[in-house]
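For reference, the structure is listed below as structure tokens.
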Amino acid sequence: MLTNCQCFDSFARIIFIGGVKMTPKQPKNPFPAIAPMGVDGLLLRFADKLSESANRAALGFRSALAKDPLAGVEEVAAALASVYLRFDPTQTSYETLHAALENRLRQPWQAALESRRRWLIPTVYGGEHGPQLAEVAALAGMSEQAAMAQISATPLRVMSLGFAPGQPYLGLLPKAFDLPRQSALTKEVPAGALTLAIRQCVLFATPAPTGWRHIGQTRFEAFLPESDTPFPLRPGDELLFAPVSVDDLSRHAPRMEPIP
Amino acid sequence: MSRYLTFHHGGVALSVQDAGRAGFIEFGLSKGGAADVLALAEGAALLGQTPFMAALEMAGTGGVFSASAPMRIALTGAPMQATLDGRILRWNAAHVLEAGQKLQISAAKKGIYGYLHIGGGLASPELLGSRSAHLAAGLGGYLAPNTRLPIGPDPALSAPGQYLPAPRSRFEGGVVRMVASAQTSRFEAATRARFEATPFVLAPQGNRQGVRLGFEGAGFTAKDQLDMVSEFMIPGDIQMTGDGTPFVLLPECQTTGGYPRIGTVIPQDLPIVAQAPPGSPLRFRFICADEARATWQSLAQVCAGLSRTTRPLLRDPRTMPDLLSYQLISGVTAGREPDIEGELDEN
């Protein structure tokens, strides 16, 4: 488990590279970078490619902004490698917020992932409930048993929610699972399907066609619009997909548990 | 007594819409809400109420409606033929719908989305802070025939009808202003210039998530566009798919995406895109951020501005067969000058 301190370190490296004097041949690291989004928004990027450190920086900086909000900001959100701020243009301006963000980035901001939570999600791997586990294992160069063991032992963090409401993009798996999406779409995976590509998993919130490979099935519901917690998952949550039998899937509900 | 509006039958794409539910982008739920937000402000200005109330959005065509009790209505957005017990009603105006009268709203003459607003607003249950159906997210849906919609209390039931003399024309395409956004610099200057110079035609199969732009010539691709990490996207963004075909995103768009966006349509002009019927010509023009911010107005500000432009709707007593009862119910007092109905507004 990475500590708060390590989260900060990984981010500090990013800005440090940005601040270090480079030889003219080397392009300067442009991150973190601030850009406008529409008339009433800003995008703060920590990278233009997905990385563990950029995702931790985005989630951590988003938490810091939530704890100590900037005036006039109406919404703060973190995605894979960036933070989005939407503001009320009658209350503040792009320039004001740009300056405020640069100031915050210069200071040692608290990069702790806010109140991290871990979910235990009973999962049936392979067979008709995960028809592409065998394919994934073959592509990763291991047995189905070994693939299941590695995937189920890796706590996967919610790096971003999207595509459908509440639907998590989870990462990162070991490098062996850096597999491209399949070129042809699977016609439909059911809600609760655990799918895999590019060292990530997506846990489907609704039935959908997808290029991600279907490796397991859960009964997790990622969007409960009529409940008190319409979005059970938050960016930064960790998920463990524990292998169970088909019978046990109906017996055991997904649950949250403290991180050891 | 409960007040409700009944949708008897008609269009298949009628939904309850308000200003949407902001604040859930991080959870993968876009704001949604009325496709033409300006129409919400117009309806609110006509009825003298807040623009955050829910109205009925009618895509393509309306239907047959009746009221359980007297209520005020306003008609805005894509102009549609509307009649009340056979009498033609002016569009972009507020009227009284008596209990038992038949309100009929036919297909749009131009544009896509017409709106039926009620004094007091539609009072269907809120979900996540809004009454809007979000079809892409599976929240609510299109109205089924014979649906009863509860109506909120209307403190201004007897207020005289108003009309908008010059609502903004936005139903046949046109020139749309956009600003540079977070990914604009991924496109080369020549590609951006070509985008501005290209005459686009709105393609069929658009919906509340977005619309596709048809064009001739090469696609508008960006540098390293298959290598992009997924980032947030917002309504108004002009997204290029893999082959460089532009889509303009609308209120029910997805919240993140890995395709680059060449720019963002300013909120004031997004109704031009949403209301453009297939085949409409569209052109896009970059404006600088300062200009866009200077013209930005909140929905409440837009509504307040429109409120200053409404005019009393005059009715011709010769077209009112039940003049006496009409006046009694609508609260027009004796001594007031008889109203003369204004000419029909084709917008």
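Residues in the structure tokens are named by chain (A, B, ... in the order shown) and by number from 1 within that chain; ligands are numbered from 1 in the order shown.
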Enumerate, in order of chain and increasing residue number, the residues of chain A with an atom no farther than 10 Å from chain B, each with its shortest atom pair and distance in Å to one decimal, counting only C-alpha atoms, as a Markdown table.
```
| residue | atom | partner | partner_atom | distance |
| --- | --- | --- | --- | --- |
| A:Ala33 | CA | B:Ala182 | CA | 10.0 |
| A:Ile34 | CA | B:Ala182 | CA | 8.3 |
| A:Ala35 | CA | B:Ala182 | CA | 5.1 |
| A:Pro36 | CA | B:Ser181 | CA | 5.4 |
| A:Met37 | CA | B:Ser181 | CA | 5.0 |
| A:Gly38 | CA | B:Thr264 | CA | 5.5 |
| A:Val39 | CA | B:Arg293 | CA | 6.1 |
| A:Asp40 | CA | B:Arg293 | CA | 8.1 |
| A:Gly41 | CA | B:Ser181 | CA | 9.4 |
| A:Leu42 | CA | B:Ala182 | CA | 8.0 |
| A:Leu43 | CA | B:Ala182 | CA | 6.7 |
| A:Leu44 | CA | B:Ala182 | CA | 9.3 |
| A:Arg45 | CA | B:Glu231 | CA | 9.2 |
| A:Ala47 | CA | B:Val229 | CA | 8.5 |
| A:Asp48 | CA | B:Val229 | CA | 5.9 |
| A:Lys49 | CA | B:Val229 | CA | 5.0 |
| A:Leu50 | CA | B:Val229 | CA | 5.9 |
| A:Ser51 | CA | B:Val229 | CA | 9.7 |
| A:Glu74 | CA | B:Gly23 | CA | 7.7 |
| A:Glu75 | CA | B:Gly23 | CA | 5.8 |
| A:Val76 | CA | B:Glu26 | CA | 7.9 |
| A:Ala77 | CA | B:Glu26 | CA | 4.9 |
| A:Ala78 | CA | B:Glu26 | CA | 6.3 |
| A:Ala79 | CA | B:Glu231 | CA | 6.4 |
| A:Leu80 | CA | B:Ser230 | CA | 6.8 |
| A:Ala81 | CA | B:Val229 | CA | 7.5 |
| A:Ser82 | CA | B:Glu231 | CA | 7.0 |
| A:Val83 | CA | B:Phe232 | CA | 8.5 |
| A:Tyr84 | CA | B:Phe232 | CA | 7.2 |
| A:Arg86 | CA | B:Gly23 | CA | 9.2 |
| A:Asp88 | CA | B:Ser298 | CA | 8.4 |
| A:Pro89 | CA | B:Arg293 | CA | 7.5 |
| A:Thr90 | CA | B:Ser298 | CA | 7.9 |
| A:Ser93 | CA | B:Arg293 | CA | 8.7 |
| A:Tyr94 | CA | B:Arg293 | CA | 9.2 |
| A:Ser160 | CA | B:Glu26 | CA | 7.6 |
| A:Leu161 | CA | B:Phe27 | CA | 5.2 |
| A:Gly162 | CA | B:Gly28 | CA | 3.9 |
| A:Phe163 | CA | B:Gln254 | CA | 5.8 |
| A:Ala164 | CA | B:Gly28 | CA | 5.8 |
| A:Pro165 | CA | B:Gly28 | CA | 4.3 |
| A:Gly166 | CA | B:Phe27 | CA | 5.1 |
| A:Gln167 | CA | B:Gly28 | CA | 7.0 |
| A:Pro168 | CA | B:Phe27 | CA | 8.7 |
| A:Thr206 | CA | B:Ala137 | CA | 9.3 |
| A:Ala222 | CA | B:Phe27 | CA | 9.9 |
| A:Phe223 | CA | B:Phe27 | CA | 9.3 |
| A:Pro225 | CA | B:Leu127 | CA | 7.1 |
| A:Glu226 | CA | B:Leu127 | CA | 7.0 |
| A:Ser227 | CA | B:Leu128 | CA | 9.6 |
| A:Asp228 | CA | B:Leu128 | CA | 9.6 |
| A:Pro230 | CA | B:Leu128 | CA | 8.2 |
| A:Phe231 | CA | B:Phe27 | CA | 6.7 |
| A:Pro232 | CA | B:Phe27 | CA | 9.6 |
| A:Leu233 | CA | B:Phe27 | CA | 8.2 |
| A:Arg234 | CA | B:Phe27 | CA | 7.4 |
| A:Pro235 | CA | B:Glu26 | CA | 8.0 |
```
Inset, instruction - Return as a PyMOL selection string the full set of residues in stretch 128-299 of chain B whose backbone-based DSSP assignment is strand (DSSP E). - result: chain B and resi 147-150+162-163+174-179+200-202+210-214+231-232+237-240+246-249+256-257+261-265+281-286
Keeping N, CA and C atoms for every residue in the selection just given, could you write it to a file as a compact mmCIF listing (two decimals), in the first residue's frame?
```
# COMPACT_ATOMS: atom_id res chain seq x y z
N THR B 147 -50.40 9.79 -19.64
CA THR B 147 -49.63 10.08 -18.43
C THR B 147 -50.18 11.36 -17.80
N ARG B 148 -50.36 11.28 -16.47
CA ARG B 148 -50.76 12.48 -15.72
C ARG B 148 -49.52 13.10 -15.08
N LEU B 149 -49.31 14.37 -15.33
CA LEU B 149 -48.15 15.06 -14.76
C LEU B 149 -48.63 16.04 -13.69
N PRO B 150 -48.19 15.86 -12.44
CA PRO B 150 -48.59 16.80 -11.40
C PRO B 150 -48.01 18.19 -11.65
N GLN B 162 -48.70 36.82 -21.75
CA GLN B 162 -47.62 37.61 -22.34
C GLN B 162 -47.16 36.93 -23.63
N TYR B 163 -46.48 37.67 -24.46
CA TYR B 163 -45.80 37.05 -25.58
C TYR B 163 -44.42 37.66 -25.74
N GLY B 174 -27.03 27.96 -38.80
CA GLY B 174 -26.47 29.30 -38.79
C GLY B 174 -25.02 29.28 -38.37
N VAL B 175 -24.53 30.43 -37.93
CA VAL B 175 -23.14 30.55 -37.51
C VAL B 175 -23.07 30.38 -36.00
N VAL B 176 -22.17 29.52 -35.57
CA VAL B 176 -22.06 29.14 -34.17
C VAL B 176 -20.68 29.58 -33.66
N ARG B 177 -20.68 30.27 -32.52
CA ARG B 177 -19.41 30.71 -31.96
C ARG B 177 -18.82 29.65 -31.03
N MET B 178 -17.51 29.52 -31.07
CA MET B 178 -16.84 28.55 -30.21
C MET B 178 -15.59 29.16 -29.61
N VAL B 179 -15.10 28.57 -28.51
CA VAL B 179 -13.84 29.02 -27.90
C VAL B 179 -12.84 27.87 -27.95
N PHE B 200 -20.73 23.06 -42.90
CA PHE B 200 -21.21 21.77 -42.40
C PHE B 200 -22.72 21.66 -42.61
N VAL B 201 -23.17 20.42 -42.63
CA VAL B 201 -24.60 20.14 -42.72
C VAL B 201 -24.94 19.18 -41.59
N LEU B 202 -25.95 19.51 -40.82
CA LEU B 202 -26.29 18.64 -39.71
C LEU B 202 -26.78 17.28 -40.22
N GLY B 210 -25.70 14.15 -28.56
CA GLY B 210 -24.87 14.89 -29.50
C GLY B 210 -25.37 14.75 -30.91
N VAL B 211 -24.77 15.55 -31.80
CA VAL B 211 -25.14 15.52 -33.22
C VAL B 211 -23.88 15.43 -34.05
N ARG B 212 -24.01 14.81 -35.21
CA ARG B 212 -22.88 14.63 -36.11
C ARG B 212 -22.94 15.71 -37.19
N LEU B 213 -21.75 16.20 -37.60
CA LEU B 213 -21.68 17.21 -38.65
C LEU B 213 -21.22 16.56 -39.94
N GLY B 214 -22.02 16.71 -40.98
CA GLY B 214 -21.62 16.21 -42.29
C GLY B 214 -20.80 17.27 -43.02
N GLU B 231 -10.17 12.24 -20.95
CA GLU B 231 -10.34 13.46 -20.13
C GLU B 231 -11.81 13.86 -20.10
N PHE B 232 -12.15 14.75 -19.18
CA PHE B 232 -13.54 15.19 -19.07
C PHE B 232 -14.00 15.87 -20.35
N ASP B 237 -18.66 20.75 -26.46
CA ASP B 237 -17.39 20.28 -27.03
C ASP B 237 -17.62 19.71 -28.43
N ILE B 238 -16.69 20.02 -29.33
CA ILE B 238 -16.75 19.45 -30.68
C ILE B 238 -15.67 18.38 -30.76
N GLN B 239 -16.14 17.13 -30.71
CA GLN B 239 -15.25 15.98 -30.62
C GLN B 239 -15.04 15.36 -31.99
N MET B 240 -13.78 14.96 -32.26
CA MET B 240 -13.48 14.30 -33.52
C MET B 240 -13.32 12.81 -33.28
N PRO B 246 -16.59 15.37 -37.02
CA PRO B 246 -16.97 16.12 -35.81
C PRO B 246 -18.36 15.77 -35.28
N PHE B 247 -18.45 15.68 -33.98
CA PHE B 247 -19.71 15.56 -33.26
C PHE B 247 -19.78 16.71 -32.26
N VAL B 248 -20.91 17.41 -32.21
CA VAL B 248 -21.09 18.43 -31.18
C VAL B 248 -21.85 17.77 -30.03
N LEU B 249 -21.28 17.86 -28.82
CA LEU B 249 -21.87 17.19 -27.67
C LEU B 249 -22.98 18.04 -27.06
N THR B 256 -16.55 11.62 -19.91
CA THR B 256 -15.13 11.58 -20.25
C THR B 256 -15.00 10.93 -21.62
N GLY B 257 -13.89 11.21 -22.28
CA GLY B 257 -13.69 10.60 -23.58
C GLY B 257 -12.26 10.75 -24.03
N ARG B 261 -11.00 17.21 -28.81
CA ARG B 261 -12.03 18.21 -29.11
C ARG B 261 -11.35 19.45 -29.68
N ILE B 262 -11.87 19.93 -30.78
CA ILE B 262 -11.23 21.07 -31.47
C ILE B 262 -11.60 22.39 -30.80
N GLY B 263 -12.71 22.40 -30.06
CA GLY B 263 -13.15 23.61 -29.38
C GLY B 263 -14.47 23.35 -28.68
N THR B 264 -15.02 24.39 -28.06
CA THR B 264 -16.27 24.27 -27.33
C THR B 264 -17.23 25.36 -27.77
N VAL B 265 -18.41 24.96 -28.21
CA VAL B 265 -19.45 25.92 -28.58
C VAL B 265 -19.85 26.68 -27.33
N PRO B 281 -27.64 24.05 -42.50
CA PRO B 281 -26.24 24.48 -42.64
C PRO B 281 -25.71 25.03 -41.32
N LEU B 282 -24.48 24.66 -40.99
CA LEU B 282 -23.84 25.18 -39.78
C LEU B 282 -22.42 25.59 -40.12
N ARG B 283 -22.01 26.75 -39.60
CA ARG B 283 -20.63 27.21 -39.70
C ARG B 283 -20.14 27.49 -38.29
N PHE B 284 -18.82 27.32 -38.08
CA PHE B 284 -18.26 27.53 -36.74
C PHE B 284 -17.18 28.60 -36.80
N ARG B 285 -17.16 29.42 -35.78
CA ARG B 285 -16.21 30.54 -35.76
C ARG B 285 -15.62 30.65 -34.35
N PHE B 286 -14.28 30.65 -34.28
CA PHE B 286 -13.63 30.84 -32.98
C PHE B 286 -13.79 32.29 -32.54
```
Inset, instruction - Quick one: pull the distance between atom CA of B:Leu314 and atom CA of B:Gly121, Å, one decimal. - result: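 Here the two named atoms are 23.7 Å from each other.
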Inset, instruction - From a DSSP pass on the backbone, collect the residues of stretch 75-219 of chain B flagged as alpha helix (DSSP H) and hand them back as a list in words. - result: Ala189, Ala190, Thr191, Arg192, Ala193, Arg194, Phe195, Glu196 and Ala197 of chain B
Keeping N, CA and C atoms, export the residues of the selection given above as an mmCIF file, in the first residue's frame.
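Once written, part.cif looks like this:
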```cif
data_model
loop_
_atom_site.group_PDB
_atom_site.id
_atom_site.type_symbol
_atom_site.label_atom_id
_atom_site.label_comp_id
_atom_site.auth_asym_id
_atom_site.auth_seq_id
_atom_site.Cartn_x
_atom_site.Cartn_y
_atom_site.Cartn_z
ATOM 1 N N ALA B 189 -2.833 24.561 -36.776
ATOM 2 C CA ALA B 189 -3.516 25.813 -37.127
ATOM 3 C C ALA B 189 -4.258 25.674 -38.455
ATOM 4 N N ALA B 190 -3.650 24.957 -39.405
ATOM 5 C CA ALA B 190 -4.283 24.806 -40.714
ATOM 6 C C ALA B 190 -5.593 24.010 -40.591
ATOM 7 N N THR B 191 -5.592 22.998 -39.707
ATOM 8 C CA THR B 191 -6.806 22.196 -39.509
ATOM 9 C C THR B 191 -7.899 23.043 -38.857
ATOM 10 N N ARG B 192 -7.510 23.862 -37.908
ATOM 11 C CA ARG B 192 -8.491 24.729 -37.241
ATOM 12 C C ARG B 192 -9.074 25.734 -38.231
ATOM 13 N N ALA B 193 -8.194 26.279 -39.080
ATOM 14 C CA ALA B 193 -8.671 27.252 -40.072
ATOM 15 C C ALA B 193 -9.619 26.579 -41.062
ATOM 16 N N ARG B 194 -9.272 25.347 -41.453
ATOM 17 C CA ARG B 194 -10.120 24.624 -42.400
ATOM 18 C C ARG B 194 -11.472 24.302 -41.748
ATOM 19 N N PHE B 195 -11.448 24.016 -40.445
ATOM 20 C CA PHE B 195 -12.705 23.738 -39.736
ATOM 21 C C PHE B 195 -13.615 24.973 -39.783
ATOM 22 N N GLU B 196 -13.006 26.143 -39.553
ATOM 23 C CA GLU B 196 -13.809 27.379 -39.582
ATOM 24 C C GLU B 196 -14.327 27.682 -40.980
ATOM 25 N N ALA B 197 -13.577 27.255 -41.991
ATOM 26 C CA ALA B 197 -13.947 27.595 -43.367
ATOM 27 C C ALA B 197 -14.930 26.586 -43.978
#
```
Inset, instruction - Quote the spacing between atom CA of A:Val124 and atom CA of A:Pro174 in Å to one decimal place. - result: 20.3 Å
